[in-house]
Structures are given as structure tokens and as C-alpha cells.
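Reproduced below: protein39.pdb, with PDB, N, CA and C atoms.
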```pdb
ATOM      1  N   MET A   1       7.510 -56.246-101.455  1.00  0.00           N
ATOM      2  CA  MET A   1       8.341 -55.894-100.331  1.00  0.00           C
ATOM      3  C   MET A   1       8.891 -57.158 -99.662  1.00  0.00           C
ATOM      4  N   ALA A   2       8.070 -58.191 -99.558  1.00  0.00           N
ATOM      5  CA  ALA A   2       8.509 -59.432 -98.917  1.00  0.00           C
ATOM      6  C   ALA A   2       9.710 -60.031 -99.643  1.00  0.00           C
ATOM      7  N   GLU A   3       9.699 -59.960-100.963  1.00  0.00           N
ATOM      8  CA  GLU A   3      10.816 -60.504-101.739  1.00  0.00           C
ATOM      9  C   GLU A   3      12.104 -59.734-101.457  1.00  0.00           C
ATOM     10  N   ALA A   4      11.999 -58.421-101.315  1.00  0.00           N
ATOM     11  CA  ALA A   4      13.173 -57.603-101.000  1.00  0.00           C
ATOM     12  C   ALA A   4      13.730 -57.970 -99.624  1.00  0.00           C
ATOM     13  N   TYR A   5      12.842 -58.157 -98.651  1.00  0.00           N
ATOM     14  CA  TYR A   5      13.300 -58.563 -97.322  1.00  0.00           C
ATOM     15  C   TYR A   5      13.964 -59.937 -97.375  1.00  0.00           C
ATOM     16  N   GLN A   6      13.398 -60.855 -98.137  1.00  0.00           N
ATOM     17  CA  GLN A   6      13.969 -62.196 -98.258  1.00  0.00           C
ATOM     18  C   GLN A   6      15.392 -62.119 -98.821  1.00  0.00           C
ATOM     19  N   THR A   7      15.585 -61.287 -99.826  1.00  0.00           N
ATOM     20  CA  THR A   7      16.909 -61.098-100.422  1.00  0.00           C
ATOM     21  C   THR A   7      17.876 -60.498 -99.410  1.00  0.00           C
ATOM     22  N   MET A   8      17.426 -59.469 -98.688  1.00  0.00           N
ATOM     23  CA  MET A   8      18.270 -58.806 -97.696  1.00  0.00           C
ATOM     24  C   MET A   8      18.631 -59.757 -96.564  1.00  0.00           C
ATOM     25  N   ILE A   9      17.660 -60.533 -96.084  1.00  0.00           N
ATOM     26  CA  ILE A   9      17.904 -61.465 -94.982  1.00  0.00           C
ATOM     27  C   ILE A   9      18.908 -62.532 -95.407  1.00  0.00           C
ATOM     28  N   ALA A  10      18.779 -63.046 -96.609  1.00  0.00           N
ATOM     29  CA  ALA A  10      19.727 -64.044 -97.120  1.00  0.00           C
ATOM     30  C   ALA A  10      21.137 -63.462 -97.210  1.00  0.00           C
ATOM     31  N   ALA A  11      21.254 -62.234 -97.692  1.00  0.00           N
ATOM     32  CA  ALA A  11      22.567 -61.587 -97.806  1.00  0.00           C
ATOM     33  C   ALA A  11      23.172 -61.347 -96.424  1.00  0.00           C
ATOM     34  N   ALA A  12      22.355 -60.912 -95.476  1.00  0.00           N
ATOM     35  CA  ALA A  12      22.850 -60.675 -94.119  1.00  0.00           C
ATOM     36  C   ALA A  12      23.363 -61.971 -93.497  1.00  0.00           C
ATOM     37  N   ARG A  13      22.593 -63.023 -93.630  1.00  0.00           N
ATOM     38  CA  ARG A  13      23.014 -64.324 -93.084  1.00  0.00           C
ATOM     39  C   ARG A  13      24.321 -64.800 -93.733  1.00  0.00           C
ATOM     40  N   LYS A  14      24.423 -64.622 -95.031  1.00  0.00           N
ATOM     41  CA  LYS A  14      25.617 -65.054 -95.768  1.00  0.00           C
ATOM     42  C   LYS A  14      26.870 -64.389 -95.216  1.00  0.00           C
ATOM     43  N   HIS A  15      26.723 -63.122 -94.770  1.00  0.00           N
ATOM     44  CA  HIS A  15      27.865 -62.354 -94.288  1.00  0.00           C
ATOM     45  C   HIS A  15      27.941 -62.294 -92.764  1.00  0.00           C
ATOM     46  N   GLY A  16      27.145 -63.131 -92.078  1.00  0.00           N
ATOM     47  CA  GLY A  16      27.210 -63.202 -90.620  1.00  0.00           C
ATOM     48  C   GLY A  16      26.668 -61.975 -89.910  1.00  0.00           C
ATOM     49  N   LYS A  17      25.740 -61.291 -90.530  1.00  0.00           N
ATOM     50  CA  LYS A  17      25.147 -60.079 -89.944  1.00  0.00           C
ATOM     51  C   LYS A  17      23.728 -60.370 -89.458  1.00  0.00           C
ATOM     52  N   PHE A  18      23.254 -59.532 -88.537  1.00  0.00           N
ATOM     53  CA  PHE A  18      21.879 -59.638 -88.069  1.00  0.00           C
ATOM     54  C   PHE A  18      20.969 -58.871 -89.016  1.00  0.00           C
ATOM     55  N   PRO A  19      20.040 -59.542 -89.680  1.00  0.00           N
ATOM     56  CA  PRO A  19      19.120 -58.830 -90.572  1.00  0.00           C
ATOM     57  C   PRO A  19      18.108 -58.026 -89.765  1.00  0.00           C
ATOM     58  N   GLY A  20      17.748 -56.859 -90.272  1.00  0.00           N
ATOM     59  CA  GLY A  20      16.797 -56.001 -89.582  1.00  0.00           C
ATOM     60  C   GLY A  20      15.671 -55.561 -90.486  1.00  0.00           C
ATOM     61  N   MET A  21      14.704 -54.910 -89.874  1.00  0.00           N
ATOM     62  CA  MET A  21      13.563 -54.428 -90.652  1.00  0.00           C
ATOM     63  C   MET A  21      13.053 -53.127 -90.065  1.00  0.00           C
ATOM     64  N   ALA A  22      12.471 -52.336 -90.933  1.00  0.00           N
ATOM     65  CA  ALA A  22      11.846 -51.080 -90.529  1.00  0.00           C
ATOM     66  C   ALA A  22      10.725 -50.783 -91.504  1.00  0.00           C
ATOM     67  N   GLY A  23       9.787 -49.968 -91.070  1.00  0.00           N
ATOM     68  CA  GLY A  23       8.715 -49.546 -91.956  1.00  0.00           C
ATOM     69  C   GLY A  23       7.541 -50.497 -92.032  1.00  0.00           C
ATOM     70  N   VAL A  24       7.604 -51.598 -91.308  1.00  0.00           N
ATOM     71  CA  VAL A  24       6.481 -52.535 -91.258  1.00  0.00           C
ATOM     72  C   VAL A  24       6.015 -52.558 -89.808  1.00  0.00           C
ATOM     73  N   TYR A  25       5.047 -51.711 -89.480  1.00  0.00           N
ATOM     74  CA  TYR A  25       4.634 -51.544 -88.088  1.00  0.00           C
ATOM     75  C   TYR A  25       3.377 -52.329 -87.737  1.00  0.00           C
ATOM     76  N   SER A  26       2.766 -52.988 -88.676  1.00  0.00           N
ATOM     77  CA  SER A  26       1.538 -53.736 -88.431  1.00  0.00           C
ATOM     78  C   SER A  26       1.826 -54.994 -87.616  1.00  0.00           C
ATOM     79  N   GLU A  27       1.104 -55.156 -86.510  1.00  0.00           N
ATOM     80  CA  GLU A  27       1.299 -56.332 -85.667  1.00  0.00           C
ATOM     81  C   GLU A  27       0.856 -57.614 -86.362  1.00  0.00           C
ATOM     82  N   THR A  28       0.029 -57.502 -87.382  1.00  0.00           N
ATOM     83  CA  THR A  28      -0.395 -58.702 -88.106  1.00  0.00           C
ATOM     84  C   THR A  28       0.598 -59.100 -89.196  1.00  0.00           C
ATOM     85  N   ILE A  29       1.359 -58.139 -89.697  1.00  0.00           N
ATOM     86  CA  ILE A  29       2.325 -58.424 -90.767  1.00  0.00           C
ATOM     87  C   ILE A  29       3.730 -58.682 -90.214  1.00  0.00           C
ATOM     88  N   MET A  30       4.091 -58.006 -89.127  1.00  0.00           N
ATOM     89  CA  MET A  30       5.442 -58.093 -88.579  1.00  0.00           C
ATOM     90  C   MET A  30       5.907 -59.530 -88.308  1.00  0.00           C
ATOM     91  N   PRO A  31       5.075 -60.420 -87.755  1.00  0.00           N
ATOM     92  CA  PRO A  31       5.552 -61.792 -87.496  1.00  0.00           C
ATOM     93  C   PRO A  31       6.060 -62.513 -88.748  1.00  0.00           C
ATOM     94  N   ARG A  32       5.504 -62.172 -89.891  1.00  0.00           N
ATOM     95  CA  ARG A  32       5.959 -62.799 -91.146  1.00  0.00           C
ATOM     96  C   ARG A  32       7.442 -62.535 -91.378  1.00  0.00           C
ATOM     97  N   TYR A  33       7.867 -61.287 -91.148  1.00  0.00           N
ATOM     98  CA  TYR A  33       9.257 -60.929 -91.383  1.00  0.00           C
ATOM     99  C   TYR A  33      10.164 -61.491 -90.297  1.00  0.00           C
ATOM    100  N   ILE A  34       9.658 -61.574 -89.088  1.00  0.00           N
ATOM    101  CA  ILE A  34      10.429 -62.197 -88.012  1.00  0.00           C
ATOM    102  C   ILE A  34      10.625 -63.680 -88.322  1.00  0.00           C
ATOM    103  N   ASP A  35       9.568 -64.339 -88.798  1.00  0.00           N
ATOM    104  CA  ASP A  35       9.677 -65.748 -89.192  1.00  0.00           C
ATOM    105  C   ASP A  35      10.648 -65.938 -90.354  1.00  0.00           C
ATOM    106  N   MET A  36      10.768 -64.921 -91.205  1.00  0.00           N
ATOM    107  CA  MET A  36      11.703 -64.994 -92.331  1.00  0.00           C
ATOM    108  C   MET A  36      13.151 -64.865 -91.853  1.00  0.00           C
ATOM    109  N   GLY A  37      13.342 -64.297 -90.628  1.00  0.00           N
ATOM    110  CA  GLY A  37      14.689 -64.190 -90.088  1.00  0.00           C
ATOM    111  C   GLY A  37      15.111 -62.812 -89.630  1.00  0.00           C
ATOM    112  N   ALA A  38      14.237 -61.807 -89.724  1.00  0.00           N
ATOM    113  CA  ALA A  38      14.595 -60.469 -89.247  1.00  0.00           C
ATOM    114  C   ALA A  38      14.841 -60.527 -87.743  1.00  0.00           C
ATOM    115  N   ARG A  39      15.944 -59.934 -87.263  1.00  0.00           N
ATOM    116  CA  ARG A  39      16.287 -59.978 -85.849  1.00  0.00           C
ATOM    117  C   ARG A  39      16.422 -58.602 -85.213  1.00  0.00           C
ATOM    118  N   PHE A  40      16.625 -57.581 -85.992  1.00  0.00           N
ATOM    119  CA  PHE A  40      16.679 -56.204 -85.499  1.00  0.00           C
ATOM    120  C   PHE A  40      15.406 -55.543 -85.991  1.00  0.00           C
ATOM    121  N   ILE A  41      14.506 -55.213 -85.074  1.00  0.00           N
ATOM    122  CA  ILE A  41      13.163 -54.791 -85.446  1.00  0.00           C
ATOM    123  C   ILE A  41      12.904 -53.353 -85.004  1.00  0.00           C
ATOM    124  N   LEU A  42      12.564 -52.479 -85.931  1.00  0.00           N
ATOM    125  CA  LEU A  42      12.071 -51.145 -85.596  1.00  0.00           C
ATOM    126  C   LEU A  42      10.552 -51.254 -85.613  1.00  0.00           C
ATOM    127  N   SER A  43       9.967 -51.335 -84.428  1.00  0.00           N
ATOM    128  CA  SER A  43       8.540 -51.670 -84.333  1.00  0.00           C
ATOM    129  C   SER A  43       7.626 -50.456 -84.244  1.00  0.00           C
ATOM    130  N   GLY A  44       8.153 -49.278 -84.441  1.00  0.00           N
ATOM    131  CA  GLY A  44       7.338 -48.071 -84.396  1.00  0.00           C
ATOM    132  C   GLY A  44       8.242 -46.850 -84.357  1.00  0.00           C
ATOM    133  N   GLN A  45       7.634 -45.710 -84.157  1.00  0.00           N
ATOM    134  CA  GLN A  45       8.417 -44.482 -84.090  1.00  0.00           C
ATOM    135  C   GLN A  45       8.189 -43.799 -82.748  1.00  0.00           C
ATOM    136  N   ASP A  46       9.160 -43.019 -82.325  1.00  0.00           N
ATOM    137  CA  ASP A  46       9.125 -42.399 -81.003  1.00  0.00           C
ATOM    138  C   ASP A  46       7.853 -41.597 -80.760  1.00  0.00           C
ATOM    139  N   ALA A  47       7.455 -40.790 -81.727  1.00  0.00           N
ATOM    140  CA  ALA A  47       6.266 -39.943 -81.541  1.00  0.00           C
ATOM    141  C   ALA A  47       5.017 -40.791 -81.319  1.00  0.00           C
ATOM    142  N   ALA A  48       4.901 -41.897 -82.029  1.00  0.00           N
ATOM    143  CA  ALA A  48       3.738 -42.777 -81.858  1.00  0.00           C
ATOM    144  C   ALA A  48       3.753 -43.435 -80.485  1.00  0.00           C
ATOM    145  N   PHE A  49       4.934 -43.854 -80.021  1.00  0.00           N
ATOM    146  CA  PHE A  49       5.032 -44.451 -78.688  1.00  0.00           C
ATOM    147  C   PHE A  49       4.663 -43.432 -77.613  1.00  0.00           C
ATOM    148  N   MET A  50       5.142 -42.204 -77.758  1.00  0.00           N
ATOM    149  CA  MET A  50       4.829 -41.157 -76.779  1.00  0.00           C
ATOM    150  C   MET A  50       3.347 -40.822 -76.792  1.00  0.00           C
ATOM    151  N   ALA A  51       2.754 -40.728 -77.958  1.00  0.00           N
ATOM    152  CA  ALA A  51       1.323 -40.423 -78.055  1.00  0.00           C
ATOM    153  C   ALA A  51       0.486 -41.538 -77.438  1.00  0.00           C
ATOM    154  N   ALA A  52       0.870 -42.792 -77.660  1.00  0.00           N
ATOM    155  CA  ALA A  52       0.127 -43.914 -77.080  1.00  0.00           C
ATOM    156  C   ALA A  52       0.229 -43.903 -75.562  1.00  0.00           C
ATOM    157  N   GLY A  53       1.408 -43.629 -75.043  1.00  0.00           N
ATOM    158  CA  GLY A  53       1.590 -43.544 -73.592  1.00  0.00           C
ATOM    159  C   GLY A  53       0.805 -42.391 -72.992  1.00  0.00           C
ATOM    160  N   ALA A  54       0.807 -41.251 -73.665  1.00  0.00           N
ATOM    161  CA  ALA A  54       0.050 -40.093 -73.182  1.00  0.00           C
ATOM    162  C   ALA A  54      -1.447 -40.375 -73.205  1.00  0.00           C
ATOM    163  N   ALA A  55      -1.926 -41.038 -74.243  1.00  0.00           N
ATOM    164  CA  ALA A  55      -3.353 -41.372 -74.323  1.00  0.00           C
ATOM    165  C   ALA A  55      -3.746 -42.342 -73.216  1.00  0.00           C
ATOM    166  N   GLN A  56      -2.883 -43.306 -72.936  1.00  0.00           N
ATOM    167  CA  GLN A  56      -3.165 -44.263 -71.866  1.00  0.00           C
ATOM    168  C   GLN A  56      -3.225 -43.546 -70.516  1.00  0.00           C
ATOM    169  N   ARG A  57      -2.276 -42.666 -70.249  1.00  0.00           N
ATOM    170  CA  ARG A  57      -2.252 -41.933 -68.977  1.00  0.00           C
ATOM    171  C   ARG A  57      -3.457 -41.011 -68.860  1.00  0.00           C
ATOM    172  N   THR A  58      -3.830 -40.348 -69.935  1.00  0.00           N
ATOM    173  CA  THR A  58      -5.000 -39.469 -69.924  1.00  0.00           C
ATOM    174  C   THR A  58      -6.258 -40.261 -69.613  1.00  0.00           C
ATOM    175  N   GLY A  59      -6.398 -41.437 -70.200  1.00  0.00           N
ATOM    176  CA  GLY A  59      -7.550 -42.291 -69.916  1.00  0.00           C
ATOM    177  C   GLY A  59      -7.605 -42.679 -68.454  1.00  0.00           C
ATOM    178  N   PHE A  60      -6.457 -43.010 -67.879  1.00  0.00           N
ATOM    179  CA  PHE A  60      -6.391 -43.343 -66.458  1.00  0.00           C
ATOM    180  C   PHE A  60      -6.819 -42.160 -65.600  1.00  0.00           C
ATOM    181  N   LEU A  61      -6.273 -40.988 -65.888  1.00  0.00           N
ATOM    182  CA  LEU A  61      -6.584 -39.800 -65.086  1.00  0.00           C
ATOM    183  C   LEU A  61      -8.052 -39.406 -65.192  1.00  0.00           C
ATOM    184  N   ARG A  62      -8.638 -39.570 -66.349  1.00  0.00           N
ATOM    185  CA  ARG A  62     -10.052 -39.219 -66.520  1.00  0.00           C
ATOM    186  C   ARG A  62     -10.977 -40.127 -65.715  1.00  0.00           C
ATOM    187  N   LYS A  63     -10.535 -41.325 -65.392  1.00  0.00           N
ATOM    188  CA  LYS A  63     -11.357 -42.248 -64.606  1.00  0.00           C
ATOM    189  C   LYS A  63     -11.309 -41.954 -63.111  1.00  0.00           C
ATOM    190  N   LEU A  64     -10.342 -41.160 -62.681  1.00  0.00           N
ATOM    191  CA  LEU A  64     -10.222 -40.847 -61.258  1.00  0.00           C
ATOM    192  C   LEU A  64     -11.299 -39.859 -60.834  1.00  0.00           C
ATOM    193  N   SER A  65     -11.825 -40.066 -59.647  1.00  0.00           N
ATOM    194  CA  SER A  65     -12.833 -39.145 -59.103  1.00  0.00           C
ATOM    195  C   SER A  65     -12.159 -38.204 -58.122  1.00  0.00           C
ATOM    196  N   PRO A  66     -12.421 -36.914 -58.251  1.00  0.00           N
ATOM    197  CA  PRO A  66     -11.869 -35.984 -57.257  1.00  0.00           C
ATOM    198  C   PRO A  66     -12.549 -36.232 -55.906  1.00  0.00           C
ATOM    199  N   SER A  67     -11.784 -36.106 -54.828  1.00  0.00           N
ATOM    200  CA  SER A  67     -12.390 -36.334 -53.513  1.00  0.00           C
ATOM    201  C   SER A  67     -12.662 -35.058 -52.773  1.00  0.00           C
TER     202      SER A  67
END
```
Encoding of this model in C-alpha cells:
Amino acid sequence: MAEAYQTMIAAARKHGKFPGMAGVYSETIMPRYIDMGARFILSGQDAAFMAAGAAQRTGFLRKLSPS
């Protein structure tokens, strides 16, 4: 996959376009592609972002004590 991104990034640069990436959501792997030159980043999907936000809010609410 890295080789394909390298090819795509080189082609985008050659034609004056911003190279992008999708489908690599790992925070440990994503910096590699950014370092390679990816500038348009799809860092996750809407449903995952909504679920993470809902889980965070639920955790907050569960810590509250009723008065």
C-alpha cells in the first residue's frame, strides 16, 4: 500500500495537485503517509466520530451525582 501512495503522491505533485489519503485510520501509521506528502487526510468516518463523542459524553454523565 505504501508503494501505491508513493506513486500517487508523486503523480499529484507532478501535476500541481494536493495528494490525499483515505482508509488508513491508525494514528501510528498515518504520520508515515503525511511525511510522504499526503495533504488531504480522511482520518476516520462519521459514524466512528459520532460514537466516540457519544461514549465520551456518556462517561461524563455517568460520573455526575444526582443531588
Apply the PyMOL selection byres (((chain A and resi 22-28 and name CA) around 7) and name CA) to the displayed file and report the matching residues as a PDB file with N, CA and C atoms, keeping the file's coordinate frame.
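Produced file expr.pdb, reproduced below:
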```pdb
ATOM      1  N   MET A  21      14.704 -54.910 -89.874  1.00  0.00           N
ATOM      2  CA  MET A  21      13.563 -54.428 -90.652  1.00  0.00           C
ATOM      3  C   MET A  21      13.053 -53.127 -90.065  1.00  0.00           C
ATOM      4  N   ILE A  29       1.359 -58.139 -89.697  1.00  0.00           N
ATOM      5  CA  ILE A  29       2.325 -58.424 -90.767  1.00  0.00           C
ATOM      6  C   ILE A  29       3.730 -58.682 -90.214  1.00  0.00           C
ATOM      7  N   MET A  30       4.091 -58.006 -89.127  1.00  0.00           N
ATOM      8  CA  MET A  30       5.442 -58.093 -88.579  1.00  0.00           C
ATOM      9  C   MET A  30       5.907 -59.530 -88.308  1.00  0.00           C
ATOM     10  N   PRO A  31       5.075 -60.420 -87.755  1.00  0.00           N
ATOM     11  CA  PRO A  31       5.552 -61.792 -87.496  1.00  0.00           C
ATOM     12  C   PRO A  31       6.060 -62.513 -88.748  1.00  0.00           C
ATOM     13  N   ILE A  41      14.506 -55.213 -85.074  1.00  0.00           N
ATOM     14  CA  ILE A  41      13.163 -54.791 -85.446  1.00  0.00           C
ATOM     15  C   ILE A  41      12.904 -53.353 -85.004  1.00  0.00           C
ATOM     16  N   LEU A  42      12.564 -52.479 -85.931  1.00  0.00           N
ATOM     17  CA  LEU A  42      12.071 -51.145 -85.596  1.00  0.00           C
ATOM     18  C   LEU A  42      10.552 -51.254 -85.613  1.00  0.00           C
ATOM     19  N   SER A  43       9.967 -51.335 -84.428  1.00  0.00           N
ATOM     20  CA  SER A  43       8.540 -51.670 -84.333  1.00  0.00           C
ATOM     21  C   SER A  43       7.626 -50.456 -84.244  1.00  0.00           C
ATOM     22  N   GLY A  44       8.153 -49.278 -84.441  1.00  0.00           N
ATOM     23  CA  GLY A  44       7.338 -48.071 -84.396  1.00  0.00           C
ATOM     24  C   GLY A  44       8.242 -46.850 -84.357  1.00  0.00           C
TER      25      GLY A  44
END
```
Enumerate as a PDB file with N, CA and C atoms, in the frame of the given file all residues of chain A assigned to strand (DSSP E) by DSSP on the backbone, naming them with the chain letters and numbers the document uses.
```pdb
ATOM      1  N   GLY A  20      17.748 -56.859 -90.272  1.00  0.00           N
ATOM      2  CA  GLY A  20      16.797 -56.001 -89.582  1.00  0.00           C
ATOM      3  C   GLY A  20      15.671 -55.561 -90.486  1.00  0.00           C
ATOM      4  N   MET A  21      14.704 -54.910 -89.874  1.00  0.00           N
ATOM      5  CA  MET A  21      13.563 -54.428 -90.652  1.00  0.00           C
ATOM      6  C   MET A  21      13.053 -53.127 -90.065  1.00  0.00           C
ATOM      7  N   PHE A  40      16.625 -57.581 -85.992  1.00  0.00           N
ATOM      8  CA  PHE A  40      16.679 -56.204 -85.499  1.00  0.00           C
ATOM      9  C   PHE A  40      15.406 -55.543 -85.991  1.00  0.00           C
ATOM     10  N   ILE A  41      14.506 -55.213 -85.074  1.00  0.00           N
ATOM     11  CA  ILE A  41      13.163 -54.791 -85.446  1.00  0.00           C
ATOM     12  C   ILE A  41      12.904 -53.353 -85.004  1.00  0.00           C
TER      13      ILE A  41
END
```
With all atoms listed in the file as the counted atoms, please give the residues lying no more than 6 Å from Pro19 of chain A, apart from itself and same-chain residues fewer than 5 positions off, as an mmCIF file with N, CA and C atoms, keeping the file's coordinate frame.
```cif
data_model
loop_
_atom_site.group_PDB
_atom_site.id
_atom_site.type_symbol
_atom_site.label_atom_id
_atom_site.label_comp_id
_atom_site.auth_asym_id
_atom_site.auth_seq_id
_atom_site.Cartn_x
_atom_site.Cartn_y
_atom_site.Cartn_z
ATOM 1 N N ILE A 9 17.660 -60.533 -96.084
ATOM 2 C CA ILE A 9 17.904 -61.465 -94.982
ATOM 3 C C ILE A 9 18.908 -62.532 -95.407
ATOM 4 N N ALA A 12 22.355 -60.912 -95.476
ATOM 5 C CA ALA A 12 22.850 -60.675 -94.119
ATOM 6 C C ALA A 12 23.363 -61.971 -93.497
ATOM 7 N N ARG A 13 22.593 -63.023 -93.630
ATOM 8 C CA ARG A 13 23.014 -64.324 -93.084
ATOM 9 C C ARG A 13 24.321 -64.800 -93.733
ATOM 10 N N GLY A 37 13.342 -64.297 -90.628
ATOM 11 C CA GLY A 37 14.689 -64.190 -90.088
ATOM 12 C C GLY A 37 15.111 -62.812 -89.630
ATOM 13 N N ALA A 38 14.237 -61.807 -89.724
ATOM 14 C CA ALA A 38 14.595 -60.469 -89.247
ATOM 15 C C ALA A 38 14.841 -60.527 -87.743
ATOM 16 N N ARG A 39 15.944 -59.934 -87.263
ATOM 17 C CA ARG A 39 16.287 -59.978 -85.849
ATOM 18 C C ARG A 39 16.422 -58.602 -85.213
ATOM 19 N N PHE A 40 16.625 -57.581 -85.992
ATOM 20 C CA PHE A 40 16.679 -56.204 -85.499
ATOM 21 C C PHE A 40 15.406 -55.543 -85.991
#
```
Exercise for the section: Have a look at atom CA of His15 of chain A and atom C of Gln45 of chain A and let me know their distance in Å, one decimal. Expected result: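 Straight-line distance from atom CA of His15 of chain A to atom C of Gln45 of chain A works out to 29.4 Å.
Taking atom C of Ala51 of chain A and atom CA of Leu64 of chain A as endpoints, the distance between them is 19.4 Å.
If you look at atom N of Tyr5 of chain A and atom CA of Asp35 of chain A, they are 12.5 Å away from each other.
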